[in-house]
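Peer 1: Let me begin by handing over the structure; questions about it come next.
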Amino acid sequence: MEDSSTCSHSAAEKAPSPSLGEHCTTEASIDPSLYPTGEIIKLGNLDAYISRPAEPATAKLLLFLSNAAGVRAINNQAHADQFAREGFLVIMPDIFDGDPVPTTATFSTEEMDKLPLLDRIRLTTAEGIKRFIIDIWLARHTAEKTMPLLERIMSAIKETYPDNVENGMYAIGYCFGGKYVLKLAATDDIKAGALAHGTLVTLEDIKAVKQPVLLACVEEDPFFPDDVRESGRIFLEEMGIPNEFRVYEGVPHGFAVLGHENRIEGCKPEEAEAIKTAYAQAQDQMLHWLTLY
């Protein structure tokens with residue numbers, strides 16, 4: 001089922017164009033009142049942020065797969081807390097094994113000196129540095145590297161929180177993490193999954209799905225092309241797999257991450273308001289979907 005929703009965004013045509021660097025890889029500032037209340041623990045010898053609901057013993061378990069900023073990003077932790085306040089025991093694992101995407105500030109001179117001459121020339125601009133760093137990082141975090149980490153964390157969750165898993169386990173993901181919600185939805189480990197503006201999602205990822213999935217998408221997303229999205233939607237419909245696709249108009253890739261509007265340089269008040277409105281709608285949409293199963 002596909003629903004296209006137009007958000008009020010008078011300057012949509014002037015909105016910043018999506019960039020993996022600014023929309024998926026940086027920590028966003030948030031309202032101090034939303035400061036995280038959970039904690040970092042160890043699961044499967046990996047770091048994980050856990051946020052507990054008021055009644056954790058009877059809660060369903062929600063696996064929160066983050067964008068590339070990772071498990072220690074304050075806005076990601078605060079976002080996980082919002083689902084805990086809705087009654088889920090939320091676990092956000094470090095699927096990057098201590099290696100979230102680096103910023104330009106953490107890309108060392110020593111690493112730069114190792115690069116070929118043409119690459120060093122290309123990195124003379126800030127945008128060139130950003131894109132190159134992300135390319136290097138993505139090459140380190142392929143599905144072949146990420147899936148064993150995810151399988152390790154899943155085993156630890158089942159061993160540590162068996163009652164919550166028995167109550168029902170679900171997955172939600174953003175940007176990089178969205179692809180791996182689909183990977184989990186291809187197994188019997190979760191009852192349902194939801195993702196927003198997934199990156200590196202392929203038609204094969206969608207065709208492997210066998211559990212109910214919801215996808216919150218944006219228009220003309222270079223990281224999740226329209227043709228892949230539409231072909232995947234048609235396939236799931238034909239196979240009779242419960243699904244919901246919604247295309248949010250006039251907002252950028254990354255809109256459904258808490259505080260996203262604060263990461264966009266030069267974001268106008270009306271643009272920021274449109275992103276916050278779409279964020280709230282996506283949050284409600286995802287919560288409703290998870291409660292259906």
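Each chain in the structure tokens gets a letter, A, B, ..., in the order shown, and its residues are numbered from 1; ligands are numbered from 1 in order too.
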What lies within 7 Å of Ile172 of chain A using only C-alpha atoms, ignoring chain neighbours under 6 positions off, as a list in words?
Peer 2: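 Here the qualifying residues turn out to be Leu63, Phe64, Leu65, Val181, Gly193, Ala194 and Leu195 of chain A.
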Peer 1: Name the residues in contact with segment 281-291 of chain A at a cut-off of 7 Å, using only C-alpha atoms, excluding same-chain residues fewer than 6 positions from it; report them as a list in words.
Peer 2: Ala192, Ala194, Ala216 and Ala256 of chain A
Peer 1: Considering only C-alpha atoms, state which residue in the set A:Glu244, A:Asp47, A:Glu238, A:Glu273 is at the smallest distance from Ala196 of chain A.
Peer 2: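 For Ala196 of chain A, the nearest of the given residues is A:Glu244.
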Peer 1: Name all residues at most 10 Å from segment 50-53 of chain A (count only C-alpha atoms; drop same-chain ones fewer than 2 positions away) and give them as a PyMOL selection string.
Peer 2: chain A and resi 36-42+47-48+55-64+71+77-93
Peer 1: What parts of segment 38-278 of chain A does DSSP call alpha helix (DSSP H)? I'd like the answer as a PyMOL selection string.
Peer 2: chain A and resi 74-84+109-113+117-122+126-140+143-160+162-167+176-185+203-207+226-239+269-278
Peer 1: Of the candidates A:Ala208, A:Val213, A:Val218, A:Leu150, which shows the shortest atom-to-atom distance to Tyr180 of chain A, using only C-alpha atoms?
Peer 2: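 With only C-alpha atoms as the atom set, the closest residue is A:Leu150.
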Peer 1: Find the distance between atom CA of Asp135 of chain A and atom CA of Glu230 of chain A and write it in Å to one decimal.
Peer 2: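 Calculated distance between atom CA of Asp135 of chain A and atom CA of Glu230 of chain A is 26.8 Å.
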Peer 1: Residues at most 12 Å from Ser155 of chain A, counting only C-alpha atoms, excluding those fewer than 5 positions away in the same chain, as an MDAnalysis selection string?
Peer 2: chainID A and resid 43:46 148:150 160:162 165 189
Peer 1: Please list as a PyMOL selection string every residue within 10 Å of segment 137-144 of chain A, counting only C-alpha atoms and excluding residues in the same chain fewer than 5 positions away.
Peer 2: chain A and resi 68+95-97+99-102+131-132+149-150+176+179-180+183+200
Peer 1: Those selected residues, please, written with all heavy atoms and delivered as a compact mmCIF listing (two decimals), in the first residue's frame.
Peer 2:
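The resulting again.txt:
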# COMPACT_ATOMS: atom_id res chain seq x y z
N ALA A 68 24.72 6.06 10.31
CA ALA A 68 26.16 5.86 10.43
C ALA A 68 26.79 6.61 11.59
O ALA A 68 27.95 6.35 11.93
CB ALA A 68 26.84 6.25 9.11
N ILE A 95 26.42 -1.74 15.43
CA ILE A 95 26.64 -2.59 14.27
C ILE A 95 27.87 -2.16 13.47
O ILE A 95 28.16 -2.74 12.42
CB ILE A 95 25.39 -2.64 13.35
CG1 ILE A 95 24.98 -1.24 12.90
CG2 ILE A 95 24.25 -3.35 14.05
CD1 ILE A 95 23.84 -1.25 11.89
N PHE A 96 28.59 -1.18 13.99
CA PHE A 96 29.84 -0.74 13.36
C PHE A 96 31.06 -1.17 14.16
O PHE A 96 32.19 -0.84 13.79
CB PHE A 96 29.83 0.78 13.18
CG PHE A 96 28.58 1.30 12.54
CD1 PHE A 96 27.77 2.22 13.19
CD2 PHE A 96 28.17 0.83 11.30
CE1 PHE A 96 26.61 2.69 12.61
CE2 PHE A 96 27.00 1.28 10.71
CZ PHE A 96 26.22 2.22 11.37
N ASP A 97 30.83 -1.89 15.27
CA ASP A 97 31.92 -2.45 16.08
C ASP A 97 32.96 -1.40 16.44
O ASP A 97 34.16 -1.58 16.24
CB ASP A 97 32.57 -3.63 15.35
CG ASP A 97 33.40 -4.51 16.29
OD1 ASP A 97 33.29 -4.33 17.52
OD2 ASP A 97 34.16 -5.36 15.79
N ASP A 99 33.34 1.55 15.15
CA ASP A 99 33.84 2.31 14.01
C ASP A 99 32.72 3.07 13.31
O ASP A 99 32.40 2.80 12.15
CB ASP A 99 34.54 1.37 13.02
CG ASP A 99 35.13 2.09 11.81
OD1 ASP A 99 35.63 3.23 11.98
OD2 ASP A 99 35.06 1.52 10.69
N PRO A 100 32.08 4.04 14.01
CA PRO A 100 31.10 4.87 13.31
C PRO A 100 31.81 5.70 12.26
O PRO A 100 33.04 5.84 12.29
CB PRO A 100 30.52 5.74 14.43
CG PRO A 100 31.63 5.85 15.42
CD PRO A 100 32.31 4.50 15.39
N VAL A 101 31.06 6.26 11.33
CA VAL A 101 31.71 7.02 10.26
C VAL A 101 32.51 8.17 10.86
O VAL A 101 32.03 8.90 11.72
CB VAL A 101 30.67 7.52 9.24
CG1 VAL A 101 29.80 8.60 9.82
CG2 VAL A 101 31.35 7.99 7.97
N PRO A 102 33.76 8.34 10.45
CA PRO A 102 34.57 9.43 11.00
C PRO A 102 34.18 10.76 10.40
O PRO A 102 33.64 10.84 9.29
CB PRO A 102 36.00 9.03 10.61
CG PRO A 102 35.83 8.22 9.36
CD PRO A 102 34.52 7.48 9.52
N ARG A 131 33.33 13.15 1.09
CA ARG A 131 32.88 12.04 0.25
C ARG A 131 33.89 10.90 0.26
O ARG A 131 33.51 9.72 0.27
CB ARG A 131 32.62 12.53 -1.17
CG ARG A 131 31.40 13.44 -1.27
CD ARG A 131 31.09 13.80 -2.71
NE ARG A 131 29.94 14.67 -2.78
CZ ARG A 131 28.68 14.28 -2.74
NH1 ARG A 131 28.42 12.99 -2.60
NH2 ARG A 131 27.68 15.14 -2.80
N PHE A 132 35.17 11.24 0.25
CA PHE A 132 36.19 10.20 0.23
C PHE A 132 36.19 9.41 1.53
O PHE A 132 36.31 8.18 1.53
CB PHE A 132 37.57 10.83 -0.02
CG PHE A 132 38.62 9.80 -0.37
CD1 PHE A 132 38.72 9.30 -1.65
CD2 PHE A 132 39.47 9.33 0.61
CE1 PHE A 132 39.68 8.35 -1.97
CE2 PHE A 132 40.44 8.37 0.30
CZ PHE A 132 40.54 7.89 -1.00
N LEU A 149 28.00 -9.34 12.77
CA LEU A 149 27.84 -8.56 13.98
C LEU A 149 26.38 -8.55 14.43
O LEU A 149 26.08 -8.69 15.62
CB LEU A 149 28.32 -7.12 13.76
CG LEU A 149 29.80 -6.93 13.42
CD1 LEU A 149 30.08 -5.46 13.11
CD2 LEU A 149 30.68 -7.40 14.58
N LEU A 150 25.49 -8.40 13.46
CA LEU A 150 24.07 -8.38 13.78
C LEU A 150 23.62 -9.75 14.29
O LEU A 150 22.83 -9.84 15.25
CB LEU A 150 23.27 -7.99 12.53
CG LEU A 150 21.79 -7.69 12.71
CD1 LEU A 150 21.56 -6.66 13.80
CD2 LEU A 150 21.20 -7.21 11.39
N PHE A 176 21.57 3.85 7.06
CA PHE A 176 22.36 2.62 6.97
C PHE A 176 21.62 1.46 7.62
O PHE A 176 21.59 0.34 7.09
CB PHE A 176 23.72 2.83 7.64
CG PHE A 176 24.67 1.67 7.50
CD1 PHE A 176 25.64 1.67 6.51
CD2 PHE A 176 24.59 0.58 8.36
CE1 PHE A 176 26.51 0.60 6.37
CE2 PHE A 176 25.45 -0.49 8.23
CZ PHE A 176 26.42 -0.49 7.23
N LYS A 179 18.63 -0.93 5.73
CA LYS A 179 18.89 -2.12 4.91
C LYS A 179 18.84 -3.38 5.77
O LYS A 179 18.33 -4.43 5.34
CB LYS A 179 20.28 -2.00 4.27
CG LYS A 179 20.71 -3.19 3.42
CD LYS A 179 22.11 -3.00 2.90
CE LYS A 179 22.58 -4.16 2.03
NZ LYS A 179 21.98 -4.13 0.68
N TYR A 180 19.32 -3.26 7.01
CA TYR A 180 19.43 -4.45 7.86
C TYR A 180 18.12 -4.80 8.55
O TYR A 180 17.96 -5.92 9.02
CB TYR A 180 20.62 -4.27 8.82
CG TYR A 180 21.89 -4.23 8.00
CD1 TYR A 180 22.43 -3.02 7.58
CD2 TYR A 180 22.46 -5.40 7.53
CE1 TYR A 180 23.54 -2.97 6.76
CE2 TYR A 180 23.58 -5.36 6.71
CZ TYR A 180 24.11 -4.16 6.32
OH TYR A 180 25.19 -4.14 5.47
N LYS A 183 16.98 -7.16 6.04
CA LYS A 183 17.70 -8.42 6.21
C LYS A 183 17.06 -9.26 7.32
O LYS A 183 16.89 -10.48 7.18
CB LYS A 183 19.17 -8.16 6.54
CG LYS A 183 19.98 -7.49 5.44
CD LYS A 183 20.32 -8.43 4.31
CE LYS A 183 21.32 -7.82 3.37
NZ LYS A 183 21.58 -8.70 2.18
N LEU A 200 21.58 2.07 0.48
CA LEU A 200 22.18 0.86 -0.09
C LEU A 200 21.16 -0.28 -0.18
O LEU A 200 21.54 -1.45 -0.28
CB LEU A 200 23.39 0.41 0.73
CG LEU A 200 24.48 1.47 0.96
CD1 LEU A 200 25.60 0.90 1.83
CD2 LEU A 200 25.05 1.96 -0.36
Peer 1: As a PyMOL selection string, which residues of segment 127-199 of chain A does DSSP assign to strand (DSSP E)?
Peer 2: chain A and resi 169-174+192-196
Peer 1: Let me make sure I understand: among A:Ile133, A:Leu258, A:Met154, A:Val201, which one has the smallest atom-to-atom distance to Asn76 of chain A if we use only C-alpha atoms?
Peer 2: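 Smallest separation from Asn76 of chain A among the options: A:Leu258.
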Peer 1: Kindly give the distance, in Å, that separates atom CA of Leu236 of chain A and atom CA of Lys207 of chain A, rounded to a single decimal.
Peer 2: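 Answer for the atom CA of Leu236 of chain A to atom CA of Lys207 of chain A separation: 7.2 Å.
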Peer 1: Quote the spacing between atom CA of Glu270 of chain A and atom CA of Glu219 of chain A in Å to one decimal place.
Peer 2: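 About the pair atom CA of Glu270 of chain A and atom CA of Glu219 of chain A: they are 18.6 Å apart.
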Peer 1: Name the residues in contact with Thr187 of chain A at a cut-off of 10 Å, using only C-alpha atoms, excluding same-chain residues fewer than 2 positions from it; report them as a list of chain:residue names.
Peer 2: A:Leu182, A:Lys183, A:Leu184, A:Ala185, A:Asp189, A:Ile190, A:Lys191, A:Ala208, A:Val209, A:Lys210, A:Gln211
Peer 1: With N, CA and C atoms retained, could you export that selection as a PDB file, in the first residue's frame?
Peer 2:
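Written out: out.pdb:
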ATOM      1  N   LEU A 182      15.487  -4.895   6.661  1.00  0.00           N
ATOM      2  CA  LEU A 182      15.026  -5.796   5.596  1.00  0.00           C
ATOM      3  C   LEU A 182      15.711  -7.154   5.702  1.00  0.00           C
ATOM      4  N   LYS A 183      16.984  -7.155   6.042  1.00  0.00           N
ATOM      5  CA  LYS A 183      17.700  -8.424   6.206  1.00  0.00           C
ATOM      6  C   LYS A 183      17.062  -9.256   7.320  1.00  0.00           C
ATOM      7  N   LEU A 184      16.691  -8.602   8.422  1.00  0.00           N
ATOM      8  CA  LEU A 184      16.049  -9.323   9.513  1.00  0.00           C
ATOM      9  C   LEU A 184      14.639  -9.762   9.143  1.00  0.00           C
ATOM     10  N   ALA A 185      13.962  -8.953   8.321  1.00  0.00           N
ATOM     11  CA  ALA A 185      12.602  -9.300   7.897  1.00  0.00           C
ATOM     12  C   ALA A 185      12.597 -10.465   6.914  1.00  0.00           C
ATOM     13  N   ASP A 189      13.236 -14.076  12.856  1.00  0.00           N
ATOM     14  CA  ASP A 189      13.671 -13.484  14.120  1.00  0.00           C
ATOM     15  C   ASP A 189      12.776 -12.340  14.584  1.00  0.00           C
ATOM     16  N   ILE A 190      12.156 -11.622  13.660  1.00  0.00           N
ATOM     17  CA  ILE A 190      11.304 -10.498  14.048  1.00  0.00           C
ATOM     18  C   ILE A 190       9.889 -10.718  13.533  1.00  0.00           C
ATOM     19  N   LYS A 191       8.942 -10.062  14.202  1.00  0.00           N
ATOM     20  CA  LYS A 191       7.546 -10.156  13.773  1.00  0.00           C
ATOM     21  C   LYS A 191       7.213  -9.138  12.691  1.00  0.00           C
ATOM     22  N   ALA A 208      13.643 -10.571  -0.689  1.00  0.00           N
ATOM     23  CA  ALA A 208      13.909 -11.623   0.294  1.00  0.00           C
ATOM     24  C   ALA A 208      13.003 -11.519   1.515  1.00  0.00           C
ATOM     25  N   VAL A 209      12.281 -10.423   1.656  1.00  0.00           N
ATOM     26  CA  VAL A 209      11.456 -10.169   2.837  1.00  0.00           C
ATOM     27  C   VAL A 209      10.295 -11.162   2.932  1.00  0.00           C
ATOM     28  N   LYS A 210      10.022 -11.615   4.166  1.00  0.00           N
ATOM     29  CA  LYS A 210       8.852 -12.472   4.375  1.00  0.00           C
ATOM     30  C   LYS A 210       8.015 -12.045   5.584  1.00  0.00           C
ATOM     31  N   GLN A 211       8.470 -11.020   6.306  1.00  0.00           N
ATOM     32  CA  GLN A 211       7.706 -10.473   7.427  1.00  0.00           C
ATOM     33  C   GLN A 211       7.140  -9.110   7.038  1.00  0.00           C
TER      34      GLN A 211
END
